[in-house]
>>> print(open('target-v4.cif').read())   # mmCIF, C-alpha atoms and all ligand atoms
data_query
#
loop_
_atom_site.label_atom_id
_atom_site.label_comp_id
_atom_site.auth_asym_id
_atom_site.auth_seq_id
_atom_site.Cartn_x
_atom_site.Cartn_y
_atom_site.Cartn_z
CA MET A 303 0.00 0.00 0.00
CA LYS A 304 1.31 3.47 -0.92
CA ILE A 305 0.38 6.42 1.29
CA LEU A 306 1.10 10.06 0.52
CA VAL A 307 1.76 12.34 3.49
CA VAL A 308 1.13 16.05 2.94
CA ASN A 309 2.16 18.90 5.19
CA ALA A 310 0.69 22.15 3.88
CA GLY A 311 2.14 25.37 5.32
CA SER A 312 1.50 29.00 4.45
CA SER A 313 3.73 29.02 1.36
CA SER A 314 4.85 25.40 1.09
CA LEU A 315 3.46 21.92 0.58
CA LYS A 316 5.84 19.23 1.77
CA TYR A 317 5.22 15.61 0.84
CA GLN A 318 6.51 12.10 1.42
CA LEU A 319 5.34 8.98 -0.38
CA PHE A 320 5.53 5.84 1.77
CA ASP A 321 5.56 2.19 0.81
CA MET A 322 3.71 0.82 3.83
CA THR A 323 4.82 -2.78 3.35
CA THR A 324 8.39 -1.72 4.20
CA HIS A 325 7.64 1.63 5.95
CA GLU A 326 10.16 3.13 3.56
CA VAL A 327 10.00 6.53 1.91
CA ILE A 328 9.83 6.21 -1.89
CA ALA A 329 10.02 9.93 -2.66
CA LYS A 330 9.88 13.21 -0.85
CA GLY A 331 9.92 16.86 -1.66
CA ASN A 332 8.54 20.31 -1.22
CA CYS A 333 6.46 22.61 -3.39
CA ASP A 334 7.85 25.80 -1.95
CA ARG A 335 7.29 29.53 -2.45
CA ILE A 336 3.61 29.02 -3.31
CA GLY A 337 2.15 32.37 -4.34
CA VAL A 338 5.63 33.83 -4.77
CA ASP A 339 7.76 32.39 -7.59
CA GLY A 340 7.26 28.65 -7.02
CA GLU A 341 10.12 26.22 -6.44
CA LEU A 342 9.99 22.44 -6.49
CA THR A 343 12.48 20.25 -4.64
CA HIS A 344 12.02 16.53 -5.19
CA ALA A 345 14.04 13.38 -4.62
CA LEU A 346 13.53 9.68 -5.01
CA THR A 347 15.14 7.76 -2.15
CA GLY A 348 18.76 7.08 -3.03
CA LYS A 349 18.72 9.42 -6.03
CA ASP A 350 19.90 13.02 -6.46
CA LYS A 351 17.62 15.89 -5.54
CA ILE A 352 16.08 17.92 -8.36
CA LYS A 353 15.27 21.57 -7.89
CA LYS A 354 13.39 23.75 -10.33
CA LYS A 355 11.28 26.87 -10.59
CA ILE A 356 7.64 26.07 -11.40
CA ASN A 357 4.87 28.62 -11.22
CA MET A 358 2.38 27.70 -8.46
CA PRO A 359 0.26 30.67 -7.45
CA THR A 360 -2.05 28.63 -5.18
CA HIS A 361 -2.03 25.48 -3.05
CA ALA A 362 -4.34 23.82 -5.62
CA GLN A 363 -1.69 24.38 -8.28
CA ALA A 364 0.99 23.06 -5.93
CA VAL A 365 -1.03 19.82 -5.62
CA ASN A 366 -1.06 19.59 -9.43
CA VAL A 367 2.73 20.08 -9.47
CA LEU A 368 3.04 17.32 -6.88
CA ILE A 369 0.94 14.95 -9.01
CA ASP A 370 2.89 15.79 -12.19
CA THR A 371 6.13 15.19 -10.28
CA LEU A 372 5.17 11.82 -8.79
CA THR A 373 3.94 10.57 -12.18
CA ASN A 374 6.80 12.10 -14.22
CA LYS A 375 8.46 9.56 -16.55
CA GLU A 376 11.96 10.81 -15.79
CA TYR A 377 12.01 11.48 -12.03
CA GLY A 378 8.61 10.22 -10.82
CA CYS A 379 7.85 6.90 -9.14
CA ILE A 380 4.26 5.91 -9.98
CA SER A 381 2.42 5.54 -13.26
CA ASP A 382 -0.75 7.22 -12.06
CA MET A 383 -2.31 8.52 -8.86
CA SER A 384 -4.60 5.49 -8.47
CA GLU A 385 -1.51 3.71 -7.07
CA ILE A 386 -1.85 5.93 -4.00
CA SER A 387 -4.30 4.34 -1.55
CA ALA A 388 -4.79 7.39 0.66
CA VAL A 389 -3.44 10.79 1.65
CA GLY A 390 -2.58 11.68 5.26
CA HIS A 391 -2.55 15.38 6.13
CA ARG A 392 -0.56 16.86 9.01
CA ILE A 393 -2.81 19.22 10.96
CA VAL A 394 -1.21 21.54 13.50
CA HIS A 395 -4.30 22.45 15.53
CA GLY A 396 -7.41 20.30 15.91
CA GLY A 397 -8.91 22.47 18.68
CA PRO A 398 -11.36 20.72 21.01
CA TRP A 399 -13.21 19.29 17.99
CA LEU A 400 -10.73 17.04 16.18
CA ILE A 401 -9.40 14.63 18.75
CA ASP A 402 -8.26 11.47 16.96
CA SER A 403 -6.96 10.88 13.46
CA VAL A 404 -10.00 10.89 11.21
CA LEU A 405 -11.24 10.31 7.66
CA VAL A 406 -12.25 13.56 5.95
CA ASP A 407 -15.95 14.18 5.38
CA ASP A 408 -18.05 17.36 5.41
CA LYS A 409 -18.44 17.36 9.20
CA VAL A 410 -14.67 16.96 9.68
CA LEU A 411 -13.98 19.80 7.26
CA ALA A 412 -16.49 21.97 9.14
CA ASP A 413 -14.70 21.14 12.42
CA LEU A 414 -11.35 22.05 10.88
CA GLU A 415 -12.82 25.34 9.69
CA LYS A 416 -13.70 26.13 13.31
CA CYS A 417 -9.95 25.88 14.06
CA LEU A 418 -9.32 28.88 11.77
CA ASP A 419 -10.02 31.09 14.74
CA LEU A 420 -7.50 29.29 16.99
CA ALA A 421 -4.67 28.85 14.49
CA PRO A 422 -5.31 30.86 11.33
CA LEU A 423 -1.74 30.74 10.01
CA HIS A 424 -1.72 26.94 9.95
CA THR A 425 -5.38 26.05 9.38
CA LYS A 426 -5.85 28.15 6.26
CA PRO A 427 -3.10 26.39 4.26
CA HIS A 428 -4.22 23.00 5.68
CA LEU A 429 -7.72 23.57 4.27
CA LEU A 430 -6.29 24.66 0.91
CA GLY A 431 -4.04 21.58 0.76
CA ILE A 432 -6.88 19.19 1.66
CA LYS A 433 -9.29 20.76 -0.81
CA GLY A 434 -6.58 20.72 -3.50
CA CYS A 435 -6.05 16.98 -2.91
CA ILE A 436 -9.80 16.21 -2.87
CA ASN A 437 -10.22 17.98 -6.22
CA ALA A 438 -7.15 16.44 -7.82
CA MET A 439 -7.75 12.92 -6.43
CA PRO A 440 -11.51 12.49 -6.06
CA GLY A 441 -12.28 9.13 -4.50
CA THR A 442 -8.91 8.81 -2.74
CA PRO A 443 -9.48 8.76 1.05
CA GLN A 444 -8.05 11.78 2.87
CA VAL A 445 -7.13 11.44 6.54
CA LEU A 446 -6.28 14.16 9.08
CA VAL A 447 -3.67 13.58 11.78
CA MET A 448 -3.55 16.29 14.42
CA ASP A 449 -0.47 17.56 16.29
CA THR A 450 -2.74 18.24 19.25
CA ALA A 451 -4.31 14.75 19.42
CA PHE A 452 -1.83 12.95 21.69
CA HIS A 453 -2.23 15.62 24.38
CA GLN A 454 -5.98 15.16 24.75
CA THR A 455 -5.42 12.82 27.72
CA MET A 456 -4.06 15.61 29.94
CA PRO A 457 -6.06 16.09 33.15
CA PRO A 458 -8.00 19.38 33.58
CA GLU A 459 -5.51 20.78 36.10
CA ALA A 460 -2.79 20.49 33.43
CA TYR A 461 -4.76 21.96 30.54
CA THR A 462 -6.82 24.67 32.28
CA TYR A 463 -5.36 28.18 32.42
CA PRO A 464 -6.23 30.02 35.62
CA ILE A 465 -8.12 32.81 33.87
CA ASP A 466 -11.82 33.80 33.96
CA TYR A 467 -13.55 30.45 33.41
CA ASP A 468 -16.36 31.87 31.25
CA VAL A 469 -13.93 33.70 28.98
CA ALA A 470 -11.87 30.52 28.62
CA GLN A 471 -14.99 28.48 27.77
CA ARG A 472 -16.33 31.06 25.35
CA HIS A 473 -13.15 31.13 23.29
CA ASN A 474 -11.87 27.57 23.85
CA ILE A 475 -8.75 28.88 25.61
CA ARG A 476 -6.80 26.00 27.18
CA ARG A 477 -3.53 24.13 26.83
CA TYR A 478 -3.68 21.99 23.69
CA GLY A 479 -0.03 21.03 23.20
CA PHE A 480 1.74 20.37 19.88
CA HIS A 481 4.26 17.96 18.27
CA GLY A 482 1.84 15.24 19.46
CA THR A 483 2.73 12.79 16.68
CA SER A 484 6.41 13.08 17.65
CA HIS A 485 5.79 12.68 21.40
CA ARG A 486 3.55 9.71 20.66
CA TYR A 487 6.08 8.09 18.33
CA VAL A 488 9.15 8.46 20.56
CA SER A 489 7.33 7.57 23.79
CA GLY A 490 5.95 4.45 22.07
CA LYS A 491 9.45 3.49 20.93
CA ALA A 492 10.77 4.11 24.47
CA LEU A 493 8.08 1.87 26.01
CA GLU A 494 9.10 -0.90 23.61
CA TYR A 495 12.79 -0.35 24.39
CA LEU A 496 12.16 -0.41 28.15
CA GLY A 497 9.79 -3.37 27.91
CA ASN A 498 7.57 -1.62 30.44
CA PRO A 499 4.15 -0.39 29.23
CA ASN A 500 3.65 1.64 32.43
CA ALA A 501 6.92 3.57 32.32
CA LYS A 502 7.03 7.26 33.28
CA ILE A 503 8.76 9.19 30.52
CA VAL A 504 9.72 12.78 29.78
CA THR A 505 9.99 13.31 26.02
CA CYS A 506 12.04 16.32 24.89
CA HIS A 507 11.25 17.29 21.29
CA LEU A 508 13.85 20.01 20.67
CA GLY A 509 13.86 21.55 17.18
CA ASN A 510 13.18 25.01 15.81
CA GLY A 511 10.04 24.70 17.86
CA SER A 512 10.48 22.72 21.07
CA SER A 513 8.13 21.00 23.46
CA ILE A 514 8.52 18.69 26.43
CA SER A 515 5.89 16.17 27.56
CA ALA A 516 5.21 14.00 30.58
CA VAL A 517 4.01 10.58 29.40
CA LYS A 518 2.77 7.93 31.85
CA SER A 519 1.70 4.45 30.64
CA GLY A 520 1.72 5.79 27.07
CA LYS A 521 -0.64 8.67 27.91
CA CYS A 522 0.26 12.35 27.88
CA MET A 523 -0.13 13.91 31.35
CA ASP A 524 1.25 17.37 30.59
CA THR A 525 3.14 19.24 27.91
CA SER A 526 5.02 22.51 27.70
CA MET A 527 3.37 24.08 24.65
CA GLY A 528 -0.03 25.55 25.30
CA PHE A 529 -2.89 27.32 23.56
CA THR A 530 -0.39 27.96 20.77
CA PRO A 531 3.11 26.63 20.00
CA LEU A 532 4.55 29.74 21.67
CA GLU A 533 4.52 28.52 25.27
CA GLY A 534 7.20 26.41 26.93
CA VAL A 535 10.99 26.50 26.59
CA ILE A 536 13.06 29.05 24.66
CA MET A 537 12.99 28.25 20.91
CA GLY A 538 14.73 29.37 17.72
CA SER A 539 12.95 32.70 17.53
CA ARG A 540 9.99 32.15 19.92
CA CYS A 541 10.14 33.42 23.48
CA GLY A 542 8.47 30.46 25.20
CA ALA A 543 6.78 31.07 28.55
CA ILE A 544 7.23 34.59 29.92
CA ASP A 545 5.34 36.69 32.45
CA PRO A 546 2.22 37.71 30.47
CA ALA A 547 2.60 41.25 31.84
CA VAL A 548 5.75 41.64 29.72
CA VAL A 549 3.55 41.68 26.59
CA PRO A 550 1.49 44.87 27.18
CA PHE A 551 4.57 46.48 28.76
CA VAL A 552 6.72 45.93 25.63
CA MET A 553 3.84 47.01 23.37
CA GLU A 554 3.58 50.28 25.21
CA LYS A 555 7.30 50.99 25.62
CA GLU A 556 8.29 49.94 22.08
CA ASN A 557 5.14 51.21 20.41
CA ILE A 558 4.28 47.82 18.91
CA PRO A 559 0.66 47.39 17.76
CA VAL A 560 -1.32 44.21 18.56
CA GLU A 561 -1.05 42.82 15.04
CA GLU A 562 2.76 43.02 15.19
CA MET A 563 3.22 41.72 18.72
CA GLY A 564 2.62 38.10 17.67
CA ASN A 565 5.38 38.47 15.13
CA TRP A 566 7.69 39.93 17.77
CA MET A 567 7.12 37.02 20.17
CA ASN A 568 7.37 34.40 17.40
CA LYS A 569 10.15 35.80 15.24
CA LYS A 570 12.30 38.18 17.26
CA CYS A 571 12.85 36.39 20.55
CA GLY A 572 14.27 32.99 21.56
CA PHE A 573 17.87 32.13 20.62
CA LEU A 574 17.81 34.88 18.01
CA GLY A 575 16.60 37.57 20.40
CA VAL A 576 18.85 36.59 23.30
CA SER A 577 22.05 35.89 21.31
CA GLY A 578 21.59 38.51 18.59
CA ILE A 579 23.19 35.93 16.26
CA SER A 580 20.76 33.37 14.87
CA SER A 581 17.68 31.26 15.49
CA ASP A 582 19.63 28.19 14.36
CA LEU A 583 21.27 26.40 17.27
CA ARG A 584 24.15 25.23 15.06
CA GLU A 585 25.28 28.83 14.71
CA ILE A 586 24.73 29.44 18.42
CA GLU A 587 26.79 26.30 19.13
CA ASP A 588 29.73 27.64 17.08
CA ALA A 589 29.50 31.01 18.81
CA VAL A 590 29.38 29.39 22.27
CA HIS A 591 32.52 27.41 21.49
CA ALA A 592 34.16 30.69 20.39
CA GLY A 593 33.27 32.25 23.75
CA HIS A 594 30.32 34.50 22.70
CA GLU A 595 28.62 35.69 25.89
CA ARG A 596 25.02 36.12 24.73
CA ALA A 597 25.09 32.90 22.71
CA THR A 598 26.23 31.16 25.88
CA LEU A 599 23.34 32.75 27.76
CA ALA A 600 20.83 31.45 25.16
CA TYR A 601 22.38 27.98 25.46
CA ASN A 602 22.25 28.09 29.25
CA ILE A 603 18.61 29.21 29.28
CA LEU A 604 17.56 26.24 27.15
CA ALA A 605 19.47 23.69 29.24
CA TYR A 606 18.17 25.20 32.49
CA GLN A 607 14.57 25.21 31.28
CA ILE A 608 14.76 21.58 30.11
CA LYS A 609 16.11 20.65 33.55
CA LYS A 610 13.21 22.44 35.24
CA TYR A 611 10.61 20.68 33.08
CA ILE A 612 12.17 17.30 33.82
CA GLY A 613 12.05 18.10 37.55
CA SER A 614 8.46 19.30 37.54
CA TYR A 615 7.20 16.45 35.35
CA THR A 616 8.95 13.94 37.61
CA ALA A 617 6.99 15.45 40.48
CA ALA A 618 3.76 15.39 38.45
CA MET A 619 4.18 11.68 37.61
CA ASN A 620 5.57 10.71 41.03
CA GLY A 621 8.69 9.27 39.45
CA LEU A 622 10.68 8.95 36.26
CA ASP A 623 11.95 5.93 34.33
CA CYS A 624 13.21 7.47 31.13
CA ILE A 625 14.11 10.71 29.35
CA VAL A 626 13.96 10.84 25.56
CA PHE A 627 15.72 13.42 23.37
CA THR A 628 14.48 13.88 19.83
CA ALA A 629 14.28 16.31 16.83
CA GLY A 630 17.07 18.49 15.37
CA ILE A 631 18.59 19.67 18.66
CA GLY A 632 17.67 16.64 20.77
CA GLU A 633 19.22 14.23 18.26
CA ASN A 634 22.26 16.31 17.39
CA ASN A 635 23.38 18.61 20.18
CA MET A 636 25.42 16.83 22.86
CA ASP A 637 26.06 20.04 24.87
CA ILE A 638 22.37 20.69 25.50
CA ARG A 639 21.73 17.05 26.49
CA ARG A 640 24.73 17.09 28.86
CA MET A 641 24.00 20.50 30.39
CA SER A 642 20.30 19.83 30.96
CA LEU A 643 21.04 16.57 32.81
CA GLU A 644 24.02 17.84 34.82
CA ASN A 645 23.72 17.73 38.62
CA MET A 646 20.57 15.62 38.62
CA GLU A 647 21.97 12.69 40.62
CA TYR A 648 19.27 13.40 43.19
CA PHE A 649 16.76 12.27 40.54
CA GLY A 650 18.83 9.18 39.68
CA ILE A 651 19.90 10.63 36.33
CA LYS A 652 23.48 9.94 35.20
CA LEU A 653 24.62 10.44 31.63
CA ASP A 654 27.43 8.45 29.99
CA LEU A 655 29.40 11.35 28.53
CA GLU A 656 31.10 9.20 25.92
CA LYS A 657 27.86 7.68 24.66
CA ASN A 658 26.32 11.15 24.67
CA ASN A 659 29.02 12.30 22.26
CA VAL A 660 26.97 11.49 19.18
CA ARG A 661 25.12 13.37 16.44
CA GLY A 662 22.12 12.03 14.58
CA PRO A 663 21.95 8.33 15.46
CA LYS A 664 19.91 6.36 12.91
CA ASP A 665 17.95 4.46 15.55
CA THR A 666 17.25 4.44 19.31
CA ILE A 667 20.40 4.62 21.43
CA GLU A 668 20.88 4.64 25.20
CA ILE A 669 23.21 7.34 26.52
CA SER A 670 22.75 6.96 30.29
CA ALA A 671 25.42 5.40 32.50
CA PRO A 672 24.85 1.71 33.38
CA ASP A 673 24.12 2.66 37.02
CA SER A 674 21.71 5.49 36.14
CA LYS A 675 18.26 4.83 37.67
CA VAL A 676 16.66 6.78 34.83
CA LYS A 677 17.39 5.63 31.29
CA VAL A 678 18.28 8.38 28.83
CA LEU A 679 17.59 7.67 25.16
CA ILE A 680 18.03 9.44 21.85
CA ILE A 681 15.22 8.39 19.51
CA PRO A 682 15.07 9.87 16.00
CA THR A 683 11.54 11.10 15.49
CA ASN A 684 9.43 10.23 12.45
CA GLU A 685 6.22 12.25 12.42
CA GLU A 686 5.50 11.42 8.77
CA LEU A 687 5.56 7.68 9.46
CA VAL A 688 3.02 8.16 12.26
CA ILE A 689 0.76 10.07 9.86
CA ALA A 690 1.16 7.39 7.17
CA SER A 691 0.49 4.57 9.69
CA ASP A 692 -2.63 6.25 11.11
CA THR A 693 -3.86 6.89 7.57
CA MET A 694 -3.36 3.25 6.61
CA ALA A 695 -5.10 2.02 9.78
CA ILE A 696 -8.14 4.24 9.15
CA VAL A 697 -8.39 3.28 5.50
CA ASN A 698 -8.11 -0.45 6.35
CA LYS A 699 -10.83 -0.06 9.02
CA THR A 700 -13.27 1.52 6.56
CA LYS A 701 -12.74 -1.12 3.88
P1 LIG B 801 11.79 21.92 12.97
O1 LIG B 801 11.12 22.32 14.25
O2 LIG B 801 11.85 23.00 11.95
O3 LIG B 801 11.36 20.56 12.43
P2 LIG B 801 14.33 20.55 13.45
O4 LIG B 801 13.82 19.40 14.23
O5 LIG B 801 14.86 20.31 12.09
O6 LIG B 801 13.31 21.76 13.43
O7 LIG B 801 15.50 21.21 14.33
C1 LIG B 801 16.18 22.36 13.94
C2 LIG B 801 17.22 22.70 15.01
O8 LIG B 801 18.09 21.58 15.16
C3 LIG B 801 18.08 23.90 14.63
O9 LIG B 801 18.26 24.74 15.76
C4 LIG B 801 19.38 23.26 14.21
O10 LIG B 801 20.47 24.09 14.53
C5 LIG B 801 19.43 22.01 15.05
N1 LIG B 801 20.22 20.99 14.33
C6 LIG B 801 19.82 20.28 13.24
N2 LIG B 801 20.82 19.47 12.81
C7 LIG B 801 21.87 19.68 13.62
C8 LIG B 801 23.20 19.15 13.70
N3 LIG B 801 23.65 18.24 12.83
N4 LIG B 801 23.99 19.59 14.70
C9 LIG B 801 23.54 20.49 15.60
N5 LIG B 801 22.29 21.04 15.56
C10 LIG B 801 21.47 20.65 14.61
#
>>> encode(input="target-v4.cif", output="structure tokens", more="lines below")
Ligand code: ADP
Amino acid sequence: MKILVVNAGSSSLKYQLFDMTTHEVIAKGNCDRIGVDGELTHALTGKDKIKKKINMPTHAQAVNVLIDTLTNKEYGCISDMSEISAVGHRIVHGGPWLIDSVLVDDKVLADLEKCLDLAPLHTKPHLLGIKGCINAMPGTPQVLVMDTAFHQTMPPEAYTYPIDYDVAQRHNIRRYGFHGTSHRYVSGKALEYLGNPNAKIVTCHLGNGSSISAVKSGKCMDTSMGFTPLEGVIMGSRCGAIDPAVVPFVMEKENIPVEEMGNWMNKKCGFLGVSGISSDLREIEDAVHAGHERATLAYNILAYQIKKYIGSYTAAMNGLDCIVFTAGIGENNMDIRRMSLENMEYFGIKLDLEKNNVRGPKDTIEISAPDSKVKVLIIPTNEELVIASDTMAIVNKTK
């Protein structure tokens, strides 16, 4: 069975085609700069990447480019789209309405439209991508897989913000959490690795956007991102959790209007804002090693905040069996892993510094010392495979 995974963003439509008998990626690429000048990047697994300018003013046209590419005689991989059994769409925000992965129908599309209010920047392109696929592939099942889904098991005290209850209810303001497919995937892998279905795990998804979750017996108990993906630890250019009073204060002092303040918190803060160098931790890493003071501060903030989340989630779960690091930073940055777990012997956490000295392992590896009470793992995440697997399961169920 071949499943196409689509991730539609504001000006891009990323895709991966999976062969579900082997779980291998056949082809992947990105229809980028939609509505600007259009640029296609495409590669068959094991072959060279192709890159070319193709006009794609809308997401619907990007879907057509994707179809032309996959069926292209020279660099495609299928003879026609009927070879694709279903399409799985990555959805950032499902709100309180879309809870589990689901087959698209009119009611589901109406529920997704309600999410426009909560996450307009993501939901709008999602809808365009889904509608583009429905039009271009009528009859092919379309499935939605939500980033928020895994976090739906949080108890009310973890997801309720202590604000006016009626206001919160009226506008659906609560912690939703994000990166759910990644937290679900790596915590599932960790449970298998540990051979203990009831393990208490803290999963650290550290990328451009970062979130940390407390997972007990495979269920999410708490997570650091909130109503939006802005809450939690310091990120590439997002501030993470700050005193909410800072927001109106900065708006007044810096003369920043409401419509620009979101941009300020999302694009001008985090590693970029603190270091003044970059939102990319690789560049911060180089600067830290060259002795740059503000880069070092950004680094230290991240490590310190991860440590605090691990401590508080250990308290919330009344114990800890395992810590998982994943995503760009979690899989590749040994300094952050080491610094965030330093001086945590009290919690039974002891890293093996030699094993930790690794970038981008291909599969799960253990980096804790043999006598560490808590196991520390690096698990490469694979959100697309989760989307493809959920899509296949739903399509098989409806057959
Ligand atoms: P996204 O949230 O966009 O999916 P990623 O998971 O790709 O982000 O993570 C991006 C972050 O990971 C960047 O800060 C980048 O510097 C860092 N990163 C990625 N690869 C490496 C590497 N080989 N070494 C160090 N840092 C890396």
>>> residues_near_ligand(input="target-v4.cif", ligand="ligand LIG 801 (chain B)", cutoff="9 Å", atoms="all atoms listed in the file", output="PyMOL selection string")
chain A and resi 507-512+537-538+573+581-587+628-636+661-662+683
>>> write_last_selection(input="target-v4.cif", atoms="C-alpha atoms", output="PDB file, in the frame of the given file")
ATOM      1  CA  HIS A 507      11.250  17.290  21.290  1.00  0.00           C
ATOM      2  CA  LEU A 508      13.850  20.010  20.670  1.00  0.00           C
ATOM      3  CA  GLY A 509      13.860  21.550  17.180  1.00  0.00           C
ATOM      4  CA  ASN A 510      13.180  25.010  15.810  1.00  0.00           C
ATOM      5  CA  GLY A 511      10.040  24.700  17.860  1.00  0.00           C
ATOM      6  CA  SER A 512      10.480  22.720  21.070  1.00  0.00           C
ATOM      7  CA  MET A 537      12.990  28.250  20.910  1.00  0.00           C
ATOM      8  CA  GLY A 538      14.730  29.370  17.720  1.00  0.00           C
ATOM      9  CA  PHE A 573      17.870  32.130  20.620  1.00  0.00           C
ATOM     10  CA  SER A 581      17.680  31.260  15.490  1.00  0.00           C
ATOM     11  CA  ASP A 582      19.630  28.190  14.360  1.00  0.00           C
ATOM     12  CA  LEU A 583      21.270  26.400  17.270  1.00  0.00           C
ATOM     13  CA  ARG A 584      24.150  25.230  15.060  1.00  0.00           C
ATOM     14  CA  GLU A 585      25.280  28.830  14.710  1.00  0.00           C
ATOM     15  CA  ILE A 586      24.730  29.440  18.420  1.00  0.00           C
ATOM     16  CA  GLU A 587      26.790  26.300  19.130  1.00  0.00           C
ATOM     17  CA  THR A 628      14.480  13.880  19.830  1.00  0.00           C
ATOM     18  CA  ALA A 629      14.280  16.310  16.830  1.00  0.00           C
ATOM     19  CA  GLY A 630      17.070  18.490  15.370  1.00  0.00           C
ATOM     20  CA  ILE A 631      18.590  19.670  18.660  1.00  0.00           C
ATOM     21  CA  GLY A 632      17.670  16.640  20.770  1.00  0.00           C
ATOM     22  CA  GLU A 633      19.220  14.230  18.260  1.00  0.00           C
ATOM     23  CA  ASN A 634      22.260  16.310  17.390  1.00  0.00           C
ATOM     24  CA  ASN A 635      23.380  18.610  20.180  1.00  0.00           C
ATOM     25  CA  MET A 636      25.420  16.830  22.860  1.00  0.00           C
ATOM     26  CA  ARG A 661      25.120  13.370  16.440  1.00  0.00           C
ATOM     27  CA  GLY A 662      22.120  12.030  14.580  1.00  0.00           C
ATOM     28  CA  THR A 683      11.540  11.100  15.490  1.00  0.00           C
TER      29      THR A 683
END
>>> closest_residue(input="target-v4.cif", among="A:His344, A:Lys664, A:Arg472, A:Lys416", to="A:Ile369", atoms="all atoms listed in the file")
A:His344
>>> residues_around(input="target-v4.cif", residues="A:Ile432", least_positions_apart="3", cutoff="8 Å", atoms="only C-alpha atoms", output="number ranges by chain")
A: 391, 428-429, 435-436, 444
>>> closest_residue(input="target-v4.cif", among="A:Val697, A:Met619, A:Ala597, A:Ile681", to="A:Val488", atoms="all atoms listed in the file")
A:Ile681
>>> residues_around(input="target-v4.cif", residues="A:Arg476", least_positions_apart="5", cutoff="7 Å", atoms="only C-alpha atoms", output="JSON list (two decimals) with C-alpha atoms, in the coordinates of the input")
[["chain", "number", "residue", "atom", "x", "y", "z"],
["A", 461, "TYR", "CA", -4.76, 21.96, 30.54],
["A", 462, "THR", "CA", -6.82, 24.67, 32.28],
["A", 463, "TYR", "CA", -5.36, 28.18, 32.42],
["A", 470, "ALA", "CA", -11.87, 30.52, 28.62],
["A", 529, "PHE", "CA", -2.89, 27.32, 23.56]]
>>> build_atoms(input="target-v4.cif", residues="stretch 464-468 of chain A", atoms="all heavy atoms", output="PDB file, in the coordinates of the input")
ATOM      1  N   PRO A 464      -5.494  29.354  34.537  1.00  0.00           N
ATOM      2  CA  PRO A 464      -6.230  30.020  35.620  1.00  0.00           C
ATOM      3  C   PRO A 464      -6.664  31.434  35.242  1.00  0.00           C
ATOM      4  O   PRO A 464      -6.206  32.426  35.816  1.00  0.00           O
ATOM      5  CB  PRO A 464      -5.234  30.006  36.781  1.00  0.00           C
ATOM      6  CG  PRO A 464      -3.906  29.759  36.191  1.00  0.00           C
ATOM      7  CD  PRO A 464      -4.059  29.208  34.814  1.00  0.00           C
ATOM      8  N   ILE A 465      -7.545  31.519  34.262  1.00  0.00           N
ATOM      9  CA  ILE A 465      -8.120  32.810  33.870  1.00  0.00           C
ATOM     10  C   ILE A 465      -9.640  32.718  34.060  1.00  0.00           C
ATOM     11  O   ILE A 465     -10.143  31.645  34.415  1.00  0.00           O
ATOM     12  CB  ILE A 465      -7.793  33.166  32.396  1.00  0.00           C
ATOM     13  CG1 ILE A 465      -8.320  32.073  31.440  1.00  0.00           C
ATOM     14  CG2 ILE A 465      -6.295  33.361  32.214  1.00  0.00           C
ATOM     15  CD1 ILE A 465      -8.204  32.432  29.960  1.00  0.00           C
ATOM     16  N   ASP A 466     -10.366  33.784  33.824  1.00  0.00           N
ATOM     17  CA  ASP A 466     -11.820  33.800  33.960  1.00  0.00           C
ATOM     18  C   ASP A 466     -12.413  32.589  33.215  1.00  0.00           C
ATOM     19  O   ASP A 466     -12.248  32.458  31.993  1.00  0.00           O
ATOM     20  CB  ASP A 466     -12.340  35.111  33.385  1.00  0.00           C
ATOM     21  CG  ASP A 466     -13.850  35.247  33.522  1.00  0.00           C
ATOM     22  OD1 ASP A 466     -14.565  34.264  33.233  1.00  0.00           O
ATOM     23  OD2 ASP A 466     -14.306  36.335  33.906  1.00  0.00           O
ATOM     24  N   TYR A 467     -13.085  31.740  33.960  1.00  0.00           N
ATOM     25  CA  TYR A 467     -13.550  30.450  33.410  1.00  0.00           C
ATOM     26  C   TYR A 467     -14.479  30.654  32.214  1.00  0.00           C
ATOM     27  O   TYR A 467     -14.385  29.944  31.206  1.00  0.00           O
ATOM     28  CB  TYR A 467     -14.262  29.658  34.514  1.00  0.00           C
ATOM     29  CG  TYR A 467     -14.489  28.207  34.162  1.00  0.00           C
ATOM     30  CD1 TYR A 467     -13.474  27.272  34.318  1.00  0.00           C
ATOM     31  CD2 TYR A 467     -15.717  27.787  33.659  1.00  0.00           C
ATOM     32  CE1 TYR A 467     -13.668  25.941  33.984  1.00  0.00           C
ATOM     33  CE2 TYR A 467     -15.927  26.447  33.318  1.00  0.00           C
ATOM     34  CZ  TYR A 467     -14.892  25.532  33.482  1.00  0.00           C
ATOM     35  OH  TYR A 467     -15.085  24.223  33.144  1.00  0.00           O
ATOM     36  N   ASP A 468     -15.372  31.645  32.327  1.00  0.00           N
ATOM     37  CA  ASP A 468     -16.360  31.870  31.250  1.00  0.00           C
ATOM     38  C   ASP A 468     -15.675  32.342  29.977  1.00  0.00           C
ATOM     39  O   ASP A 468     -16.031  31.932  28.870  1.00  0.00           O
ATOM     40  CB  ASP A 468     -17.424  32.881  31.682  1.00  0.00           C
ATOM     41  CG  ASP A 468     -18.246  32.337  32.838  1.00  0.00           C
ATOM     42  OD1 ASP A 468     -18.381  31.095  32.911  1.00  0.00           O
ATOM     43  OD2 ASP A 468     -18.712  33.134  33.674  1.00  0.00           O
TER      44      ASP A 468
END
